[in-house]
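What follows is a single structure, written as structure tokens, with notes after it.
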Amino acid sequence: MKKKHIIFWLICILWTLYHTSFFHLNDILKVADSFAYLQMSYFLEHFSQKGLWSWWFGFLYSLPIAFTNLLIWNDLLAAKIVNLVLLNISALLLWKISKKILSQNFAYFTVILFFLSPTFLHFNIHILSENIYIPLFLGLFLLTLNFTEKLDRIHIRVQIKYTVTIACLLGLMYLTRAEAFIYLGSIWVITLWLLVQKKLSFQRFFTLWGVFFLSFFLFISPYLFHLHTITGEWWLTNKWASNLRQAELRGQEKMDDAWFERAVAELTPDKHHLIAGFAGGMKYNPPQIEGTLWEFILKDRKAFIVRVITNQKKLFSRNLPEVFLGKAPQLYFSNDSRFSHIPFLIFSLLPLLILLYGTYKIFREQKLFLWLSLSFFLPAFMFFTLFFTLNRYFLIFLPLFLIIFCYGLQNIEYKKKYTLPLFIGNIIIIFLLSTLIYYNIESSDDEYYSLKKDAGEWLKNNTSWEIKLMERFPIVTYYSWSKTRFITPYTNNIDDIYEYGIYNGIDILVIDSMDFKTYRPELLEYLDKTPENFLLLKLFENNLWQKVILYSLKK
């Protein structure tokens with residue numbers, strides 16, 4: 001084995017151990033989306049079609065979790081093992097991309113920053129689809145980069161093979177997260193650019209685009225047909241209704257909790273369904289909202305323009321800096337006197353300045369890399385800012401940011417020997433500060449979530465596993481071993497919740513003080529008294545004044 005390969009794998013082993021040391025932060029399930037992936041993995045493991053039934057979440061991430069769980073019979077641990085494997089695959093792909101424009105040492109440093117990133121760490125220890133979405137994207141980017149580099153030197157048969165493989169990789173991304181269909185536009189832009197650069201003839205352009213388009217839809221066609229049998233509609237995603245509703249109701253400057261709740265959990269007039277069809281059980285509930293994206297835009301054009309501009313400002317002033325550096329720069333704005341001064345602000349912003357310098361240098365010297373990066377970034381930028389922006393929507397671009405950052409480092413003229421170590425130490429310290437902030441936040445939540453775990457395990461030991469629970473975040477549901485999740489509707493009337501529960505055959509309402517104080521404040525009185533038409537089943541309390549109450553519904 002070559003020395004450079006040995007060094008790379010030693011880096012992977014060392015930083016895999018680093019990530020493993022944070023696993024205890026997720027000993028208890030804490031993230032709502034994680035339930036969906038573990039839910040689907042359970043049904044896939046038992047060869048049930050229900051593993052494909054969630055029209056909201058793609059099933060691909062749940063597949064390796066299901067296979068791994070067959071060996072260890074602990075789905076949470078199985079998912080963590082899968083995440084580590086996928087993390088190292090991402091590192092390998094990132095290394096291969098980095099070597100194309102960076103020196104060997106800076107390619108190694110890019111991989112180290114990838115492992116050290118507090119943003120990646122957060123997703124790697126949680127059960128979230130980014131863990132497989134990132135290596136798929138890096139594979140797609142690397143293959144597209146190789147294809148465009150070799151295009152002039154390879155036969156049409158090889159070009160077609162590349163095209164089919166690229167289409168299948170994009171198809172796998174789509175089966176992970178439906179919004180990956182926006183990168184069809186990226187492939188179109190890339191092939192159009194090759195046509196303009198006269199690397200493709202008109203005939204070859206239409207041939208390869210036709211092969212790509214046909215291959216992509218043939219690859220995903222079984223899943224599209226499956227979605228059609230559930231929803232009755234032929235479309236790539238059924239997130240439109242909820243996304244339009246959220247874009248309309250959520251705060252434009254911050255992700256307002258109350259409006260988010262109304263968007264995803266508001267009841268229909270008959271009190272039997274959720275108006276956006278967001279998160280019922282495994283059974284598909286059609287959204288009760290009609291309207292196209294075009295109608296959404298035209299309904300209030302001024303509000304739409306303000307929303308888009310606000311989202312774009314938020315993307316560049318908050319989302320992307322947090323994706324790149326984590327939350328350490330926020331310490332400048334904190335009340336902590338140790339950080340509220342100009343030197344710390346300069347220290348925090350220095351990596352962003354180097355990133356901008358790297359972008360400038362790549363623009364002048366690595367136009368192919370820059371063009372491919374923009375071809376993937378711009379569709380995401382244009383699409384997501386129509387609705388609302390979250391850090392996770394742009395996480396797949398962080399590996400490219402790291403490459404660009406290291407390209408900037410590599411091209412700075414160092415007149416002093418200590419300058420490069422200073423810049424390297426600067427970003428490492430910021431990453432470690434962000435990791436410390438993240439660690440403190442995650443570890444402080446353990447006692448809250450342990451109470452939910454206790455409630456779920458009590459249900460598992462004292463009731464049937466086929467019970468249906470209604471809960472804001474399905475933590476109690478997960479530990480009860482129930483495989484059906486219903487979100488508690490957004491309402492200030494407990495009778496509406498009862499009506500919804502009876503219609504959907506729900507057995508137990510979970511009221512949790514931590515969730516209800518944030519998301520259901522109008523119903524907090526039922527932490528101290530039993531609502532009419534409900535029976536108190538069990539009360540759990542801790543010394544943090546938190547309560548988890550299980551109410552059964554009178555039939």
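If you're wondering about the labels, chains in the structure tokens are A, B, ... by order shown, residues count from 1 in each chain, ligands from 1 in order shown.
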
Nearby residues (only C-alpha atoms) at most 8 Å from range 495-505 of chain A, same-chain spacing under 6 positions excluded, as a PyMOL selection string:
chain A and resi 271-273+468+470+488-489+533+553+555

Near Leu527 in chain A, within 10 Å and counting only C-alpha atoms, which residues show up once chain neighbours fewer than 5 positions away are dropped, as a CSV table (one decimal) with N, CA, C and O atoms, in the first residue's frame?
chain,number,residue,atom,x,y,z
A,511,ILE,N,-48.7,13.9,26.8
A,511,ILE,CA,-48.5,15.3,27.1
A,511,ILE,C,-47.2,15.5,27.8
A,511,ILE,O,-47.0,14.9,28.9
A,512,ASP,N,-46.3,16.2,27.2
A,512,ASP,CA,-44.9,16.4,27.8
A,512,ASP,C,-44.7,17.9,28.1
A,512,ASP,O,-44.9,18.7,27.2
A,513,SER,N,-44.3,18.2,29.3
A,513,SER,CA,-44.2,19.6,29.7
A,513,SER,C,-43.2,20.4,28.8
A,513,SER,O,-43.4,21.5,28.5
A,516,PHE,N,-44.9,20.8,25.3
A,516,PHE,CA,-46.1,21.6,25.4
A,516,PHE,C,-45.9,23.1,25.7
A,516,PHE,O,-46.6,24.0,25.3
A,539,LEU,N,-48.3,9.0,35.3
A,539,LEU,CA,-47.6,10.3,35.4
A,539,LEU,C,-46.1,10.0,35.7
A,539,LEU,O,-45.8,9.2,36.6
A,546,GLN,N,-40.2,18.7,35.2
A,546,GLN,CA,-40.7,18.2,33.9
A,546,GLN,C,-41.7,17.0,34.2
A,546,GLN,O,-41.5,16.2,35.1
A,547,LYS,N,-42.7,17.0,33.4
A,547,LYS,CA,-43.7,15.9,33.5
A,547,LYS,C,-43.9,15.3,32.1
A,547,LYS,O,-43.9,16.0,31.1
A,548,VAL,N,-44.2,14.0,32.1
A,548,VAL,CA,-44.7,13.3,31.0
A,548,VAL,C,-45.9,12.6,31.4
A,548,VAL,O,-45.8,11.7,32.4
A,549,ILE,N,-47.1,12.9,30.8
A,549,ILE,CA,-48.3,12.3,31.3
A,549,ILE,C,-48.9,11.5,30.1
A,549,ILE,O,-49.0,11.9,29.0

Every residue of range 288-519 of chain A that DSSP places in helix (DSSP H, G or I), as number ranges by chain
A: 293-299, 301-325, 328-333, 342-365, 367-384, 391-411, 419-444, 446-462, 475-479, 494-503, 513-519

Report as an MDAnalysis selection string all protein, DNA and RNA residues lying within 7 Å of range 183-193 of chain A, evaluated on only C-alpha atoms, omitting residues in the same chain fewer than 2 positions from it.
chainID A and resid 180:181 195:197 205 372 375:376 379

Nearest to Leu138 in chain A: which of A:Ile97, A:Leu10, A:Thr16, A:Leu214 is it, counting only C-alpha atoms?
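Among the listed residues, the smallest separation from Leu138 in chain A belongs to A:Ile97.
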
List the spatial neighbours of Ala263 in chain A as a PyMOL selection string - criterion: any atom at most 8 Å away, only C-alpha atoms, same-chain residues fewer than 6 positions off excluded.
chain A and resi 242+245-246+249-250+276

Take the residues from that selection and write them out as an mmCIF file, in the first residue's frame, keeping N, CA and C atoms.
data_model
loop_
_atom_site.group_PDB
_atom_site.id
_atom_site.type_symbol
_atom_site.label_atom_id
_atom_site.label_comp_id
_atom_site.auth_asym_id
_atom_site.auth_seq_id
_atom_site.Cartn_x
_atom_site.Cartn_y
_atom_site.Cartn_z
ATOM 1 N N SER A 242 -47.208 20.961 2.266
ATOM 2 C CA SER A 242 -46.660 21.379 3.551
ATOM 3 C C SER A 242 -45.637 22.494 3.386
ATOM 4 N N ARG A 245 -47.386 25.721 2.749
ATOM 5 C CA ARG A 245 -48.044 26.151 3.978
ATOM 6 C C ARG A 245 -47.021 26.733 4.958
ATOM 7 N N GLN A 246 -45.879 26.062 5.081
ATOM 8 C CA GLN A 246 -44.845 26.545 5.993
ATOM 9 C C GLN A 246 -44.271 27.882 5.512
ATOM 10 N N LEU A 249 -46.687 30.643 6.443
ATOM 11 C CA LEU A 249 -46.999 30.914 7.841
ATOM 12 C C LEU A 249 -45.783 31.139 8.731
ATOM 13 N N ARG A 250 -44.653 30.562 8.364
ATOM 14 C CA ARG A 250 -43.487 30.702 9.222
ATOM 15 C C ARG A 250 -42.961 32.127 9.199
ATOM 16 N N ALA A 276 -52.222 19.829 6.147
ATOM 17 C CA ALA A 276 -51.130 19.685 5.179
ATOM 18 C C ALA A 276 -50.707 18.236 5.012
#

Could you pull the residues within 10 Å of Ile427 in chain A, counting only C-alpha atoms, minus those fewer than 6 positions along the same chain, as a list in words?
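After dropping sequence-adjacent residues, the list is Leu113, Ser117, Leu325, Phe347, Ser348, Leu349, Leu350, Pro351, Leu352 and Leu433 of chain A.
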
Keeping N, CA and C atoms, export the residues of the selection given above as a compact mmCIF listing (two decimals), in the first residue's frame.
# COMPACT_ATOMS: atom_id res chain seq x y z
N LEU A 113 -10.36 18.47 8.46
CA LEU A 113 -11.40 19.46 8.75
C LEU A 113 -12.79 18.85 8.60
N SER A 117 -15.31 18.92 11.69
CA SER A 117 -16.43 19.85 11.57
C SER A 117 -17.51 19.58 12.61
N LEU A 325 -18.83 27.03 9.97
CA LEU A 325 -18.06 27.19 11.21
C LEU A 325 -18.76 26.70 12.46
N PHE A 347 -11.11 37.14 14.79
CA PHE A 347 -10.68 35.74 14.88
C PHE A 347 -11.73 34.81 14.29
N SER A 348 -13.00 35.11 14.54
CA SER A 348 -14.10 34.26 14.06
C SER A 348 -14.31 34.41 12.55
N LEU A 349 -14.10 35.62 12.03
CA LEU A 349 -14.40 35.87 10.63
C LEU A 349 -13.24 35.54 9.70
N LEU A 350 -12.05 35.32 10.26
CA LEU A 350 -10.88 35.06 9.43
C LEU A 350 -11.07 33.87 8.48
N PRO A 351 -11.61 32.72 8.94
CA PRO A 351 -11.84 31.61 8.00
C PRO A 351 -12.78 31.97 6.86
N LEU A 352 -13.78 32.83 7.14
CA LEU A 352 -14.69 33.24 6.08
C LEU A 352 -13.97 34.09 5.04
N LEU A 433 -14.37 25.10 19.52
CA LEU A 433 -15.31 25.92 20.30
C LEU A 433 -16.76 25.58 19.95

A straight line from CA of Phe534 in chain A to CA of Leu459 in chain A spans 16.9 Å

Find the residues near Phe213 in chain A: any atom within 12 Å, counting only C-alpha atoms, skip ones fewer than 6 places away on the same chain, and give them as a short mmCIF file (atom, residue, chain, number, x, y, z; two decimals) with C-alpha atoms, in the first residue's frame.
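Listing of selection-v5.cif after writing:
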data_model
loop_
_atom_site.label_atom_id
_atom_site.label_comp_id
_atom_site.auth_asym_id
_atom_site.auth_seq_id
_atom_site.Cartn_x
_atom_site.Cartn_y
_atom_site.Cartn_z
CA ILE A 160 -23.02 6.74 -22.10
CA THR A 163 -24.18 9.26 -18.07
CA VAL A 164 -26.17 6.24 -16.87
CA THR A 165 -24.10 6.01 -13.67
CA ILE A 166 -24.59 9.72 -12.94
CA ALA A 167 -28.34 9.29 -13.49
CA CYS A 168 -28.44 6.33 -11.07
CA LEU A 170 -28.95 11.12 -8.67
CA GLY A 171 -31.74 8.56 -8.48
CA PHE A 181 -34.90 16.22 -8.18
CA TYR A 183 -30.33 18.66 -9.37
CA LEU A 184 -31.79 17.54 -12.67
CA GLY A 185 -31.35 21.24 -13.44
CA ILE A 187 -27.01 18.24 -14.95
CA TRP A 188 -28.83 20.25 -17.62
CA PHE A 206 -29.22 15.62 -27.08
CA THR A 207 -28.09 11.98 -27.07
CA PHE A 219 -34.33 3.98 -12.17
CA ILE A 220 -36.87 5.68 -9.89
CA SER A 221 -39.99 4.47 -11.74
#

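You can rank A:Phe216, A:Phe123, A:Tyr18, A:Phe369 by their closest distance to Ile101 in chain A using only C-alpha atoms, and at the top of that list sits A:Phe369.
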
Which of A:Thr463, A:Thr491, A:Thr530, A:Asn543 sits closest to Arg262 in chain A [using only C-alpha atoms]:
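Of the candidates, the smallest distance to Arg262 in chain A is held by A:Thr491.
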
Straight-line distance linking CA of Trp235 in chain A with CA of Phe212 in chain A, stated in Å to one decimal
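CA of Trp235 in chain A sits 18.9 Å away from CA of Phe212 in chain A.
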
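For the residues A:Asn461, A:Leu142, A:Arg157, A:Phe397, ranking by smallest atom-to-atom distance to Arg204 in chain A using only C-alpha atoms places A:Arg157 first.
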
Between CA of Phe260 in chain A and CA of Lys483 in chain A, measure the distance and give it in Å to one decimal.
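Atom-to-atom, CA of Phe260 in chain A to CA of Lys483 in chain A, that is 24.7 Å.
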
Extract, using only C-alpha atoms, all DNA, RNA and protein residues at most 10 Å from range 437-446 of chain A, discarding same-chain residues fewer than 5 positions from it, and format them as a list of chain:residue names.
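Final neighbour list, sorted by chain and number: A:Phe22, A:His24, A:Leu25, A:Asn26, A:Asp27, A:Ile28, A:Leu29, A:Lys30, A:Pro118, A:Thr119, A:Leu121, A:His122, A:Gly326, A:Lys327, A:Ala328, A:Leu331, A:Phe431, A:Leu432, A:Leu451.
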
What would the file look like if the residues just selected were written as an mmCIF file, in the first residue's frame with C-alpha atoms?
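Result file selection.cif:
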data_model
loop_
_atom_site.group_PDB
_atom_site.id
_atom_site.type_symbol
_atom_site.label_atom_id
_atom_site.label_comp_id
_atom_site.auth_asym_id
_atom_site.auth_seq_id
_atom_site.Cartn_x
_atom_site.Cartn_y
_atom_site.Cartn_z
ATOM 1 C CA PHE A 22 -19.495 11.463 21.105
ATOM 2 C CA HIS A 24 -23.071 8.788 24.304
ATOM 3 C CA LEU A 25 -24.759 12.097 23.446
ATOM 4 C CA ASN A 26 -27.326 10.090 21.479
ATOM 5 C CA ASP A 27 -27.854 7.133 23.787
ATOM 6 C CA ILE A 28 -31.475 8.285 23.966
ATOM 7 C CA LEU A 29 -33.356 9.087 20.768
ATOM 8 C CA LYS A 30 -33.854 12.865 20.627
ATOM 9 C CA PRO A 118 -18.949 20.370 14.401
ATOM 10 C CA THR A 119 -21.762 20.471 11.840
ATOM 11 C CA LEU A 121 -20.434 15.719 13.964
ATOM 12 C CA HIS A 122 -23.987 16.691 14.904
ATOM 13 C CA GLY A 326 -20.740 25.995 13.593
ATOM 14 C CA LYS A 327 -21.980 28.275 16.369
ATOM 15 C CA ALA A 328 -18.665 29.622 17.721
ATOM 16 C CA LEU A 331 -20.126 33.969 21.048
ATOM 17 C CA PHE A 431 -14.307 24.158 15.203
ATOM 18 C CA LEU A 432 -13.444 22.978 18.716
ATOM 19 C CA LEU A 451 -38.079 10.777 31.326
#
